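Coordinates as given in final-v5.csv (CSV, C-alpha atoms):
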```csv
chain,number,residue,atom,x,y,z
A,200,MET,CA,34.3,-24.2,1.5
A,201,LYS,CA,33.2,-20.6,2.1
A,202,LYS,CA,29.8,-20.2,3.7
A,203,VAL,CA,27.7,-17.3,2.3
A,204,ALA,CA,24.4,-15.9,3.5
A,205,ILE,CA,22.4,-13.7,1.2
A,206,ILE,CA,19.4,-11.8,2.7
A,207,GLY,CA,16.8,-11.2,0.0
A,208,ALA,CA,15.9,-13.3,-3.1
A,209,GLY,CA,15.4,-10.5,-5.6
A,210,ALA,CA,17.4,-9.7,-8.7
A,211,SER,CA,20.7,-8.8,-7.0
A,212,GLY,CA,20.5,-11.6,-4.4
A,213,LEU,CA,19.7,-14.3,-6.9
A,214,LEU,CA,22.5,-13.4,-9.3
A,215,CYS,CA,24.9,-13.1,-6.4
A,216,ALA,CA,23.8,-16.5,-5.1
A,217,ILE,CA,24.3,-18.2,-8.5
A,218,GLU,CA,27.8,-16.6,-9.0
A,219,CYS,CA,28.9,-17.7,-5.5
A,220,ALA,CA,27.5,-21.2,-5.9
A,221,LYS,CA,29.3,-21.7,-9.3
A,222,VAL,CA,32.6,-21.7,-7.5
A,223,SER,CA,31.6,-24.2,-4.8
A,224,CYS,CA,30.5,-21.7,-2.0
A,225,SER,CA,27.9,-23.0,0.4
A,226,VAL,CA,25.1,-20.5,-0.1
A,227,ASP,CA,22.0,-19.9,2.0
A,228,ILE,CA,19.5,-17.4,0.7
A,229,TYR,CA,17.0,-15.9,3.2
A,230,GLU,CA,13.7,-14.5,1.8
A,231,GLN,CA,10.9,-13.0,4.0
A,232,ASN,CA,8.2,-13.8,1.5
A,233,SER,CA,6.7,-17.2,0.7
A,234,LYS,CA,7.9,-16.7,-3.0
A,235,CYS,CA,11.1,-15.4,-4.3
A,236,ALA,CA,11.6,-12.7,-7.0
A,237,LYS,CA,8.2,-11.1,-6.4
A,238,LYS,CA,9.4,-7.7,-7.8
A,239,ILE,CA,10.8,-9.4,-10.9
A,240,LEU,CA,7.4,-11.1,-11.5
A,241,VAL,CA,5.5,-7.8,-11.6
A,242,SER,CA,8.0,-5.8,-13.5
A,243,GLY,CA,7.2,-4.3,-16.9
A,244,ASN,CA,3.5,-5.3,-16.4
A,245,GLY,CA,4.6,-8.9,-16.3
A,246,ARG,CA,7.0,-8.6,-19.2
A,247,CYS,CA,10.2,-7.6,-17.3
A,248,ASN,CA,12.3,-4.9,-18.9
A,249,ILE,CA,15.4,-6.8,-17.6
A,250,THR,CA,18.2,-4.4,-18.6
A,251,ASN,CA,19.3,-1.8,-21.2
A,252,ILE,CA,22.1,-2.2,-23.8
A,253,SER,CA,23.5,1.3,-23.0
A,254,LEU,CA,24.6,1.7,-19.4
A,255,ASN,CA,26.5,4.6,-17.9
A,256,GLN,CA,26.5,6.7,-14.7
A,257,GLU,CA,24.4,9.4,-16.3
A,258,ASP,CA,21.5,7.0,-16.1
A,259,TYR,CA,21.6,7.0,-12.3
A,260,PHE,CA,21.0,9.3,-9.4
A,261,SER,CA,23.0,9.3,-6.2
A,262,GLU,CA,24.8,11.6,-3.7
A,263,ASN,CA,27.9,9.8,-5.1
A,264,PRO,CA,27.2,9.5,-8.9
A,265,SER,CA,30.5,7.9,-9.9
A,266,PHE,CA,29.9,5.0,-7.5
A,267,VAL,CA,28.1,2.9,-10.2
A,268,LYS,CA,30.8,3.3,-12.9
A,269,TYR,CA,33.1,0.4,-12.0
A,270,ALA,CA,30.3,-2.2,-11.5
A,271,LEU,CA,28.5,-1.3,-14.7
A,272,GLU,CA,31.6,-1.4,-16.8
A,273,ASN,CA,32.7,-4.8,-15.3
A,274,PHE,CA,29.2,-6.3,-15.8
A,275,SER,CA,28.0,-4.6,-19.0
A,276,PHE,CA,25.1,-5.8,-21.2
A,277,LYS,CA,27.5,-8.2,-22.9
A,278,GLY,CA,28.4,-9.7,-19.5
A,279,PHE,CA,24.8,-10.0,-18.5
A,280,GLU,CA,23.8,-11.5,-21.8
A,281,LYS,CA,26.5,-14.2,-21.3
A,282,PHE,CA,25.2,-14.9,-17.8
A,283,CYS,CA,21.7,-15.3,-19.2
A,284,SER,CA,22.8,-17.7,-21.8
A,285,THR,CA,24.3,-20.0,-19.1
A,286,ILE,CA,20.9,-20.2,-17.4
A,287,GLY,CA,19.0,-20.6,-20.7
A,288,LEU,CA,17.4,-17.2,-20.7
A,289,VAL,CA,17.2,-15.8,-24.3
A,290,LEU,CA,17.0,-12.0,-24.5
A,291,GLU,CA,15.4,-9.6,-27.0
A,292,VAL,CA,16.8,-6.1,-27.6
A,293,LYS,CA,14.2,-3.5,-28.7
A,294,ASP,CA,15.0,-0.6,-31.0
A,295,ASP,CA,15.1,1.8,-28.0
A,296,GLY,CA,17.7,-0.2,-26.2
A,297,LYS,CA,15.4,-1.8,-23.7
A,298,VAL,CA,15.9,-5.5,-23.2
A,299,TYR,CA,13.2,-8.1,-22.4
A,300,PRO,CA,13.2,-11.9,-22.2
A,301,LEU,CA,12.3,-13.4,-25.6
A,302,SER,CA,9.5,-15.2,-23.8
A,303,ASN,CA,8.0,-11.8,-23.0
A,304,GLU,CA,7.2,-13.2,-19.6
A,305,ALA,CA,8.7,-12.1,-16.2
A,306,LYS,CA,7.9,-15.6,-15.0
A,307,SER,CA,10.6,-17.1,-17.2
A,308,VAL,CA,13.2,-14.8,-15.7
A,309,ALA,CA,12.3,-15.6,-12.1
A,310,SER,CA,11.9,-19.4,-12.6
A,311,LEU,CA,15.2,-19.8,-14.5
A,312,LEU,CA,17.1,-17.8,-11.9
A,313,ILE,CA,15.6,-19.8,-9.0
A,314,ASN,CA,15.9,-23.2,-10.8
A,315,HIS,CA,19.5,-22.6,-11.7
A,316,ALA,CA,20.4,-21.5,-8.2
A,317,GLU,CA,18.7,-24.6,-6.8
A,318,ASN,CA,20.6,-26.9,-9.3
A,319,LEU,CA,23.8,-25.3,-8.1
A,320,GLY,CA,22.9,-26.3,-4.5
A,321,VAL,CA,21.8,-22.9,-3.2
A,322,ASN,CA,19.6,-23.5,-0.1
A,323,PHE,CA,16.4,-21.3,-0.1
A,324,HIS,CA,14.9,-20.3,3.2
A,325,THR,CA,11.5,-18.7,2.4
A,326,GLU,CA,9.2,-17.1,4.9
A,327,THR,CA,12.4,-16.4,7.0
A,328,LYS,CA,12.9,-12.8,8.0
A,329,ILE,CA,16.3,-11.8,9.3
A,330,THR,CA,16.0,-9.2,12.1
A,331,ASP,CA,19.5,-9.3,13.6
A,332,ILE,CA,22.4,-8.9,11.1
A,333,THR,CA,25.0,-9.8,13.8
A,334,LYS,CA,23.9,-13.4,14.0
A,335,PRO,CA,24.5,-14.4,10.3
A,336,LEU,CA,27.8,-12.4,10.4
A,337,ASN,CA,28.9,-14.7,13.3
A,338,GLU,CA,27.8,-17.8,11.5
A,339,TYR,CA,28.9,-17.2,7.9
A,340,ASP,CA,32.1,-16.2,6.2
A,341,CYS,CA,30.3,-13.5,4.2
A,342,VAL,CA,26.9,-11.9,4.4
A,343,VAL,CA,25.2,-10.1,1.5
A,344,VAL,CA,22.3,-7.7,2.2
A,345,ALA,CA,20.1,-7.6,-0.9
A,346,THR,CA,16.9,-6.6,0.8
A,347,GLY,CA,15.7,-3.8,-1.6
A,348,SER,CA,14.1,-0.6,-0.4
A,349,GLU,CA,10.8,0.7,0.9
A,350,ALA,CA,9.3,0.8,-2.6
A,351,ALA,CA,6.5,-1.7,-3.4
A,352,SER,CA,5.8,-2.4,0.3
A,353,HIS,CA,2.9,-4.7,-0.7
A,354,LEU,CA,5.6,-7.0,-2.2
A,355,GLY,CA,7.7,-6.9,0.9
A,356,GLY,CA,9.6,-3.6,0.4
A,357,ASN,CA,11.0,-2.3,3.7
A,358,ARG,CA,13.9,-0.6,5.5
A,359,ASP,CA,15.5,-3.7,6.9
A,360,GLY,CA,18.8,-3.3,4.9
A,361,GLN,CA,19.1,0.3,6.1
A,362,GLU,CA,18.6,-0.8,9.7
A,363,PHE,CA,21.3,-3.5,9.2
A,364,ALA,CA,23.7,-0.8,7.9
A,365,LEU,CA,22.9,1.4,10.9
A,366,THR,CA,24.0,-1.4,13.2
A,367,TYR,CA,27.6,-0.8,12.0
A,368,GLY,CA,27.4,3.0,11.9
A,369,HIS,CA,26.6,3.6,8.2
A,370,ASN,CA,25.1,6.9,7.1
A,371,ILE,CA,21.7,6.7,5.4
A,372,ILE,CA,20.8,9.1,2.7
A,373,PRO,CA,17.1,10.1,3.2
A,374,THR,CA,14.8,7.9,1.0
A,375,TYR,CA,12.0,9.0,-1.4
A,376,PRO,CA,9.7,7.2,-3.8
A,377,SER,CA,10.8,7.2,-7.5
A,378,LEU,CA,9.2,6.0,-10.7
A,379,VAL,CA,5.9,6.8,-8.9
A,380,GLN,CA,2.6,8.5,-9.7
A,381,LEU,CA,2.0,12.1,-8.6
A,382,GLN,CA,-0.8,13.6,-6.5
A,383,LEU,CA,-2.2,17.0,-7.5
A,384,ASN,CA,-3.6,19.9,-5.6
A,385,SER,CA,-6.6,20.3,-7.9
A,386,ASN,CA,-10.2,19.2,-8.3
A,387,LEU,CA,-10.0,18.9,-12.0
A,388,HIS,CA,-8.0,15.7,-12.5
A,389,THR,CA,-10.8,13.6,-10.9
A,390,LYS,CA,-13.1,14.8,-13.7
A,391,MET,CA,-10.6,13.4,-16.3
A,392,SER,CA,-9.9,10.2,-14.4
A,393,GLY,CA,-9.2,7.4,-17.0
A,394,ALA,CA,-8.4,9.8,-19.8
A,395,LYS,CA,-5.0,9.2,-21.4
A,396,ILE,CA,-3.0,11.2,-23.9
A,397,ASP,CA,0.5,11.2,-25.5
A,398,GLY,CA,1.8,14.5,-24.2
A,399,GLU,CA,4.7,16.3,-22.7
A,400,VAL,CA,5.2,17.2,-19.1
A,401,THR,CA,7.6,19.8,-17.7
A,402,LEU,CA,8.7,19.7,-14.1
A,403,LEU,CA,9.0,23.0,-12.3
A,404,ILE,CA,10.9,23.3,-9.0
A,405,ASN,CA,10.4,26.7,-7.3
A,406,LYS,CA,8.8,27.9,-10.5
A,407,ARG,CA,11.8,27.0,-12.6
A,408,ALA,CA,11.7,24.4,-15.4
A,409,VAL,CA,14.2,21.6,-14.6
A,410,SER,CA,13.1,18.6,-16.6
A,411,LYS,CA,10.9,17.8,-19.6
A,412,CYS,CA,9.6,14.3,-20.7
A,413,GLN,CA,7.3,13.1,-23.4
A,414,GLY,CA,5.1,10.1,-23.3
A,415,ASP,CA,1.8,8.9,-22.1
A,416,ILE,CA,0.0,10.8,-19.4
A,417,LEU,CA,-2.9,9.3,-17.5
A,418,PHE,CA,-5.3,11.3,-15.4
A,419,THR,CA,-6.5,9.5,-12.2
A,420,ASN,CA,-8.6,10.1,-9.2
A,421,TYR,CA,-5.5,11.0,-7.1
A,422,GLY,CA,-3.5,12.9,-9.8
A,423,VAL,CA,-1.5,11.8,-12.8
A,424,SER,CA,0.3,8.6,-13.9
A,425,GLY,CA,1.9,7.4,-17.1
A,426,PHE,CA,5.5,7.0,-18.4
A,427,ALA,CA,6.1,10.8,-18.8
A,428,ILE,CA,5.1,11.3,-15.2
A,429,LEU,CA,7.2,8.4,-13.9
A,430,ASP,CA,10.2,9.8,-15.7
A,431,ILE,CA,10.1,13.1,-13.8
A,432,SER,CA,8.8,11.7,-10.6
A,433,GLY,CA,12.2,11.0,-8.9
A,434,LEU,CA,13.3,14.6,-9.0
A,435,ALA,CA,9.7,15.8,-8.0
A,436,SER,CA,9.7,13.4,-5.1
A,437,GLU,CA,13.1,14.5,-3.8
A,438,SER,CA,12.1,18.1,-4.2
A,439,LEU,CA,8.9,17.6,-2.2
A,440,MET,CA,11.0,15.9,0.5
A,441,ASN,CA,13.1,19.0,0.7
A,442,TYR,CA,10.0,21.2,1.0
A,443,GLN,CA,10.4,22.9,-2.4
A,444,ALA,CA,7.5,24.1,-4.5
A,445,VAL,CA,6.8,21.5,-7.2
A,446,ASP,CA,4.6,22.1,-10.2
A,447,ILE,CA,4.1,20.4,-13.6
A,448,SER,CA,3.1,21.9,-16.9
A,449,ILE,CA,1.3,19.5,-19.2
A,450,ASN,CA,1.3,20.0,-22.9
A,451,LEU,CA,-1.6,18.0,-24.2
A,452,LEU,CA,-0.7,18.4,-27.9
A,453,PRO,CA,3.1,18.6,-28.2
A,454,LYS,CA,2.9,18.3,-32.0
A,455,TYR,CA,1.3,21.7,-32.2
A,456,THR,CA,2.7,25.2,-31.6
A,457,ALA,CA,0.3,27.8,-30.0
A,458,GLN,CA,0.0,29.5,-33.4
A,459,LYS,CA,-0.8,26.3,-35.3
A,460,LEU,CA,-3.3,25.1,-32.7
A,461,SER,CA,-5.0,28.5,-32.6
A,462,ALA,CA,-5.2,28.5,-36.4
A,463,HIS,CA,-6.7,25.0,-36.4
A,464,ILE,CA,-9.4,26.0,-33.9
A,465,MET,CA,-10.3,29.1,-36.0
A,466,SER,CA,-10.3,27.1,-39.2
A,467,MET,CA,-12.7,24.5,-37.7
A,468,ALA,CA,-14.9,27.4,-36.4
A,469,GLN,CA,-15.0,29.1,-39.8
A,470,ASN,CA,-15.6,25.9,-41.8
A,471,GLY,CA,-18.5,24.6,-39.7
A,472,GLN,CA,-20.9,27.2,-38.4
A,473,THR,CA,-23.2,24.6,-36.8
A,474,VAL,CA,-20.3,23.1,-34.8
A,475,ASN,CA,-19.9,24.1,-31.1
A,476,LEU,CA,-16.7,24.6,-29.2
A,477,LEU,CA,-16.8,21.3,-27.4
A,478,ASP,CA,-17.1,19.5,-30.8
A,479,ILE,CA,-13.9,21.2,-32.0
A,480,LEU,CA,-11.9,20.3,-28.9
A,481,HIS,CA,-13.2,16.7,-29.0
A,482,GLY,CA,-11.7,16.5,-32.4
A,483,LEU,CA,-8.3,17.0,-30.7
A,484,LEU,CA,-8.7,15.5,-27.2
A,485,PRO,CA,-10.6,12.9,-25.2
A,486,ILE,CA,-14.0,14.1,-24.3
A,487,LYS,CA,-13.3,14.2,-20.5
A,488,ILE,CA,-10.2,16.4,-21.1
A,489,ALA,CA,-12.0,18.6,-23.6
A,490,LYS,CA,-14.9,19.3,-21.2
A,491,THR,CA,-12.5,20.0,-18.3
A,492,ILE,CA,-10.5,22.4,-20.4
A,493,LEU,CA,-13.6,24.4,-21.0
A,494,GLU,CA,-14.5,24.2,-17.3
A,495,LYS,CA,-11.1,25.5,-16.4
A,496,LEU,CA,-11.5,28.5,-18.7
A,497,GLU,CA,-15.1,29.0,-17.6
A,498,LEU,CA,-16.4,28.6,-21.1
A,499,SER,CA,-19.7,27.0,-22.1
A,500,HIS,CA,-19.7,23.7,-24.0
A,501,THR,CA,-22.3,25.1,-26.3
A,502,ILE,CA,-20.5,28.2,-27.6
A,503,ASN,CA,-21.3,28.2,-31.2
A,504,ALA,CA,-18.5,28.2,-33.8
A,505,SER,CA,-19.6,31.7,-35.0
A,506,GLN,CA,-18.8,33.1,-31.6
A,507,ILE,CA,-15.2,31.9,-31.6
A,508,ASN,CA,-12.7,34.7,-32.4
A,509,THR,CA,-8.9,34.8,-32.6
A,510,LYS,CA,-8.5,36.0,-29.0
A,511,LEU,CA,-10.6,33.0,-27.7
A,512,SER,CA,-8.8,30.5,-29.9
A,513,LYS,CA,-5.4,31.7,-28.6
A,514,LYS,CA,-6.6,31.5,-25.0
A,515,ILE,CA,-7.8,27.9,-25.5
A,516,ALA,CA,-4.6,26.9,-27.3
A,517,ASN,CA,-2.4,28.3,-24.5
A,518,GLN,CA,-4.4,26.4,-22.0
A,519,ILE,CA,-4.0,23.1,-23.9
A,520,LEU,CA,-0.3,23.5,-24.4
A,521,ASN,CA,0.6,24.8,-20.9
A,522,TRP,CA,-1.8,23.4,-18.2
A,523,ARG,CA,-0.2,23.9,-14.8
A,524,PHE,CA,-0.9,21.8,-11.7
A,525,GLU,CA,0.6,22.0,-8.3
A,526,VAL,CA,2.1,18.7,-7.1
A,527,SER,CA,1.0,18.0,-3.5
A,528,ASP,CA,2.7,14.6,-3.0
A,529,THR,CA,3.7,11.4,-4.6
A,530,HIS,CA,1.5,8.4,-4.6
A,531,GLY,CA,3.8,6.9,-2.0
A,532,PHE,CA,6.3,4.1,-1.5
A,533,ARG,CA,3.7,1.4,-1.9
A,534,HIS,CA,3.1,2.4,-5.5
A,535,ALA,CA,6.7,3.3,-6.3
A,536,GLU,CA,8.7,1.0,-8.6
A,537,VAL,CA,12.0,2.0,-6.9
A,538,SER,CA,13.3,4.2,-4.1
A,539,GLY,CA,15.9,7.0,-4.2
A,540,GLY,CA,18.3,7.4,-1.3
A,541,GLY,CA,19.6,4.6,0.9
A,542,ILE,CA,22.9,3.5,2.3
A,543,ASP,CA,25.6,6.1,1.7
A,544,THR,CA,27.8,4.7,-1.1
A,545,LEU,CA,30.8,6.7,0.2
A,546,GLU,CA,31.0,4.0,2.9
A,547,ILE,CA,30.9,1.1,0.4
A,548,ASN,CA,33.7,-0.2,-1.8
A,549,PRO,CA,32.6,0.5,-5.4
A,550,LYS,CA,34.5,-2.4,-6.8
A,551,THR,CA,33.3,-5.1,-4.3
A,552,MET,CA,30.1,-3.7,-2.6
A,553,GLU,CA,31.8,-4.6,0.7
A,554,SER,CA,31.1,-2.3,3.7
A,555,LEU,CA,34.0,-0.1,4.6
A,556,LYS,CA,32.9,-0.3,8.2
A,557,GLN,CA,32.4,-4.0,8.6
A,558,LYS,CA,34.5,-6.7,7.0
A,559,ASN,CA,32.7,-9.5,5.1
A,560,LEU,CA,29.4,-7.5,5.0
A,561,TYR,CA,28.2,-6.6,1.5
A,562,PHE,CA,25.3,-4.5,0.2
A,563,CYS,CA,23.9,-4.7,-3.3
A,564,GLY,CA,20.9,-3.5,-5.3
A,565,GLU,CA,18.4,-1.0,-4.3
A,566,VAL,CA,19.3,-0.9,-0.6
A,567,LEU,CA,22.2,1.4,-1.7
A,568,ASP,CA,21.8,5.1,-2.6
A,569,VAL,CA,21.5,4.4,-6.3
A,570,VAL,CA,18.4,4.8,-8.4
A,571,GLY,CA,18.2,4.5,-12.2
A,572,ARG,CA,16.0,5.9,-14.9
A,573,ARG,CA,13.1,4.0,-16.3
A,574,GLY,CA,14.0,1.5,-19.0
A,575,GLY,CA,15.8,-1.4,-17.4
A,576,PHE,CA,18.5,0.6,-15.6
A,577,ASN,CA,17.5,-0.4,-12.0
A,578,PHE,CA,17.6,-4.1,-12.9
A,579,ALA,CA,21.0,-3.5,-14.6
A,580,TRP,CA,22.3,-2.0,-11.3
A,581,ALA,CA,20.9,-5.0,-9.4
A,582,TRP,CA,22.7,-7.5,-11.7
A,583,ALA,CA,26.0,-5.5,-11.7
A,584,SER,CA,26.2,-4.9,-8.0
A,585,GLY,CA,25.3,-8.5,-7.2
A,586,HIS,CA,28.0,-9.6,-9.6
A,587,SER,CA,30.6,-7.3,-8.0
A,588,ALA,CA,29.8,-8.7,-4.5
A,589,ALA,CA,30.0,-12.3,-5.7
A,590,LYS,CA,33.3,-11.7,-7.5
A,591,ASP,CA,34.9,-10.4,-4.4
A,592,ILE,CA,33.5,-13.1,-2.2
A,593,THR,CA,34.8,-15.9,-4.5
A,594,LYS,CA,38.2,-14.4,-5.2
A,595,THR,CA,41.1,-16.7,-4.4
```
This structure in structure tokens:
Amino acid sequence: MKKVAIIGAGASGLLCAIECAKVSCSVDIYEQNSKCAKKILVSGNGRCNITNISLNQEDYFSENPSFVKYALENFSFKGFEKFCSTIGLVLEVKDDGKVYPLSNEAKSVASLLINHAENLGVNFHTETKITDITKPLNEYDCVVVATGSEAASHLGGNRDGQEFALTYGHNIIPTYPSLVQLQLNSNLHTKMSGAKIDGEVTLLINKRAVSKCQGDILFTNYGVSGFAILDISGLASESLMNYQAVDISINLLPKYTAQKLSAHIMSMAQNGQTVNLLDILHGLLPIKIAKTILEKLELSHTINASQINTKLSKKIANQILNWRFEVSDTHGFRHAEVSGGGIDTLEINPKTMESLKQKNLYFCGEVLDVVGRRGGFNFAWAWASGHSAAKDITKT
């Protein structure tokens, strides 16, 4: 009977443990926390966007982009769905391709994975932190490192897996927070803290537009959050790490053109002589944002409608549709959902996840230099890479 040690009881580690135990391996899983699957439990605001039905390498970022191709094709959504049915987890596919547990609870994902593993005889060692990778490699036939990354440090995120890889001479691609909020070099965002809009954000690197995303944008005390921000944050974070100039342009009303918005402001001014400028903007935007727009343009809140001319309406429209902020930093690894960078995948077998530098040592999940887009893609990589490692370990 093959003895397998898995370090980390997150998504990739749990799936790998189950697949190994299915074929009569003796599996020990070591988890530093008192509870397993902590990251699963908080994902998707407790709902767990567990995967996506459409998976390809274009959804991932890495120094070696083609690395993910084999694992994703060999454990596609259909393969994952079949696996879920064996543990009693029913999935629901949304119109946008995102997949959630039918229960709509991350708790069901975590408990079913853990219970199924236990029923197969997997031995769980919680509150057990592995600090020396050489010891389990001497005691077990195979060792799987599924320790995650530095992201979500309050849930146990750390660099342990990278340190294990360094022991055997692996190269580490510099890491950076991804799917993370952004901090701004401004004093205006604090005045809009708590205000949320459905807008469009353009990421500019060295003054050149490189990415554009639409979705909710939330102003906070430290800067900006929301899905549109998270979607551009990985590239912003990597660019900041490389000392590039990073800015964002926020379009607060993407359904409007500058001409249409200017015309609306003029129309409201002409049709309501007693209305002031703030009233007109409040008809379009949350009051905190409307007030701050006027402060930015050094305009009084009480400008009467009769004082609004075409030149002024165009000036306001342009500010609303192209409000630029300098990005000073990300909100850090603690608040990041995932991390970019990690163990160089040129030194990992893409079909098996085995180290090319140390036999019987496997790495899977977020510890590798693979980071996905928002929408279930990072979980999909965790499942696929854990599956690839297990298949190689259990081959006859």
Within 8 Å of range 548-553 of chain A: each range 227-337 of chain A residue with its shortest pair, only C-alpha atoms, as JSON lines:
```
{"residue": "A:Phe266", "atom": "CA", "partner": "A:Pro549", "partner_atom": "CA", "distance": 5.7}
{"residue": "A:Val267", "atom": "CA", "partner": "A:Pro549", "partner_atom": "CA", "distance": 7.0}
{"residue": "A:Tyr269", "atom": "CA", "partner": "A:Lys550", "partner_atom": "CA", "distance": 6.1}
{"residue": "A:Ala270", "atom": "CA", "partner": "A:Lys550", "partner_atom": "CA", "distance": 6.3}
```
Residues at most 12 Å from Lys328 in chain A, counting only C-alpha atoms, excluding those fewer than 4 positions away in the same chain, as a PDB file with C-alpha atoms, in the frame of the given file?
```
ATOM      1  CA  ILE A 205      22.400 -13.700   1.200  1.00  0.00           C
ATOM      2  CA  ILE A 206      19.400 -11.800   2.700  1.00  0.00           C
ATOM      3  CA  GLY A 207      16.800 -11.200   0.000  1.00  0.00           C
ATOM      4  CA  ALA A 208      15.900 -13.300  -3.100  1.00  0.00           C
ATOM      5  CA  ILE A 228      19.500 -17.400   0.700  1.00  0.00           C
ATOM      6  CA  TYR A 229      17.000 -15.900   3.200  1.00  0.00           C
ATOM      7  CA  GLU A 230      13.700 -14.500   1.800  1.00  0.00           C
ATOM      8  CA  GLN A 231      10.900 -13.000   4.000  1.00  0.00           C
ATOM      9  CA  ASN A 232       8.200 -13.800   1.500  1.00  0.00           C
ATOM     10  CA  SER A 233       6.700 -17.200   0.700  1.00  0.00           C
ATOM     11  CA  HIS A 324      14.900 -20.300   3.200  1.00  0.00           C
ATOM     12  CA  ILE A 332      22.400  -8.900  11.100  1.00  0.00           C
ATOM     13  CA  PRO A 335      24.500 -14.400  10.300  1.00  0.00           C
ATOM     14  CA  THR A 346      16.900  -6.600   0.800  1.00  0.00           C
ATOM     15  CA  GLY A 355       7.700  -6.900   0.900  1.00  0.00           C
ATOM     16  CA  ASN A 357      11.000  -2.300   3.700  1.00  0.00           C
ATOM     17  CA  ASP A 359      15.500  -3.700   6.900  1.00  0.00           C
ATOM     18  CA  GLY A 360      18.800  -3.300   4.900  1.00  0.00           C
TER      19      GLY A 360
END
```
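The two atoms in question, CA of Asn475 in chain A and CA of Leu493 in chain A, are spaced 11.9 Å apart.
Each of A:Val308, A:Ala589, A:Leu483, A:Ala579 was compared to Ile252 in chain A using all atoms listed in the file, and A:Ala579 turns out to be the nearest.
Distances to Phe426 in chain A were evaluated for A:Ala457, A:Ile479, A:Ser392, A:Val379 using all atoms listed in the file, and the minimum falls at A:Val379.
Taking all atoms listed in the file into account, Asn318 in chain A lies nearest to A:Ala220 out of the set A:Ser499, A:Ala220, A:Asn470, A:Ile507.
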For this session: Might you pull out every residue within 12 Å of Asn248 in chain A, with only C-alpha atoms counted and same-chain residues fewer than 2 positions away left off, and present them as a ChimeraX atom specification?
Result: /A:238-246,250-252,290-293,295-305,308,573-579
For this session: Do a neighbour search on Lys558 in chain A at 10 Å with all atoms listed in the file, toss out local chain neighbours closer than 5 positions, and write the hits as number ranges by chain.
Result: A: 336, 340-342, 553
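For the atom pair formed by CA of Asn314 in chain A and CA of Asn273 in chain A, the distance is 25.3 Å, given to one decimal.
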Problem set entry | Computed interatomic separation between CA of Lys454 in chain A and CA of Ile519 in chain A (Å) | 11.7 Å
Problem set entry | Spatial neighbours of Glu437 in chain A, 9 Å, only C-alpha atoms, chain gap at least 2 places, as a ChimeraX atom specification | /A:374-377,432-435,439-443,539
Dump of C-alpha atoms for the selected residues, as a CSV table (one decimal), in the coordinates of the input:
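Wrote out_10.csv, looks like this:
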```
chain,number,residue,atom,x,y,z
A,374,THR,CA,14.8,7.9,1.0
A,375,TYR,CA,12.0,9.0,-1.4
A,376,PRO,CA,9.7,7.2,-3.8
A,377,SER,CA,10.8,7.2,-7.5
A,432,SER,CA,8.8,11.7,-10.6
A,433,GLY,CA,12.2,11.0,-8.9
A,434,LEU,CA,13.3,14.6,-9.0
A,435,ALA,CA,9.7,15.8,-8.0
A,439,LEU,CA,8.9,17.6,-2.2
A,440,MET,CA,11.0,15.9,0.5
A,441,ASN,CA,13.1,19.0,0.7
A,442,TYR,CA,10.0,21.2,1.0
A,443,GLN,CA,10.4,22.9,-2.4
A,539,GLY,CA,15.9,7.0,-4.2
```
For this session: Would you kindly identify which residues have an atom no farther than 8 Å from (-7.6, 23.8, -16.9), using all atoms listed in the file and the file's own coordinates, and write them out as a PyMOL selection string?
Result: chain A and resi 387+491-496+518-519+522-523
Residues just named, written with C-alpha atoms as a PDB file, in the frame of the given file:
```
ATOM      1  CA  LEU A 387     -10.000  18.900 -12.000  1.00  0.00           C
ATOM      2  CA  THR A 491     -12.500  20.000 -18.300  1.00  0.00           C
ATOM      3  CA  ILE A 492     -10.500  22.400 -20.400  1.00  0.00           C
ATOM      4  CA  LEU A 493     -13.600  24.400 -21.000  1.00  0.00           C
ATOM      5  CA  GLU A 494     -14.500  24.200 -17.300  1.00  0.00           C
ATOM      6  CA  LYS A 495     -11.100  25.500 -16.400  1.00  0.00           C
ATOM      7  CA  LEU A 496     -11.500  28.500 -18.700  1.00  0.00           C
ATOM      8  CA  GLN A 518      -4.400  26.400 -22.000  1.00  0.00           C
ATOM      9  CA  ILE A 519      -4.000  23.100 -23.900  1.00  0.00           C
ATOM     10  CA  TRP A 522      -1.800  23.400 -18.200  1.00  0.00           C
ATOM     11  CA  ARG A 523      -0.200  23.900 -14.800  1.00  0.00           C
TER      12      ARG A 523
END
```
For this session: Mind checking which residues fall within 12 Å of Ser410 in chain A, counting only C-alpha atoms, ignoring those fewer than 2 positions away in the same chain, and posting them as a list in words?
Result: Glu399, Val400, Thr401, Leu402, Leu403, Ile404, Lys406, Arg407, Ala408, Cys412, Gln413, Ala427, Ile428, Asp430, Ile431, Ser432, Gly433, Leu434, Ala435, Val445, Asp446, Ile447 and Ser448 of chain A
Could you save those same residues with C-alpha atoms as a short mmCIF file (atom, residue, chain, number, x, y, z; two decimals), in the frame of the given file?
```
data_model
loop_
_atom_site.label_atom_id
_atom_site.label_comp_id
_atom_site.auth_asym_id
_atom_site.auth_seq_id
_atom_site.Cartn_x
_atom_site.Cartn_y
_atom_site.Cartn_z
CA GLU A 399 4.70 16.30 -22.70
CA VAL A 400 5.20 17.20 -19.10
CA THR A 401 7.60 19.80 -17.70
CA LEU A 402 8.70 19.70 -14.10
CA LEU A 403 9.00 23.00 -12.30
CA ILE A 404 10.90 23.30 -9.00
CA LYS A 406 8.80 27.90 -10.50
CA ARG A 407 11.80 27.00 -12.60
CA ALA A 408 11.70 24.40 -15.40
CA CYS A 412 9.60 14.30 -20.70
CA GLN A 413 7.30 13.10 -23.40
CA ALA A 427 6.10 10.80 -18.80
CA ILE A 428 5.10 11.30 -15.20
CA ASP A 430 10.20 9.80 -15.70
CA ILE A 431 10.10 13.10 -13.80
CA SER A 432 8.80 11.70 -10.60
CA GLY A 433 12.20 11.00 -8.90
CA LEU A 434 13.30 14.60 -9.00
CA ALA A 435 9.70 15.80 -8.00
CA VAL A 445 6.80 21.50 -7.20
CA ASP A 446 4.60 22.10 -10.20
CA ILE A 447 4.10 20.40 -13.60
CA SER A 448 3.10 21.90 -16.90
#
```
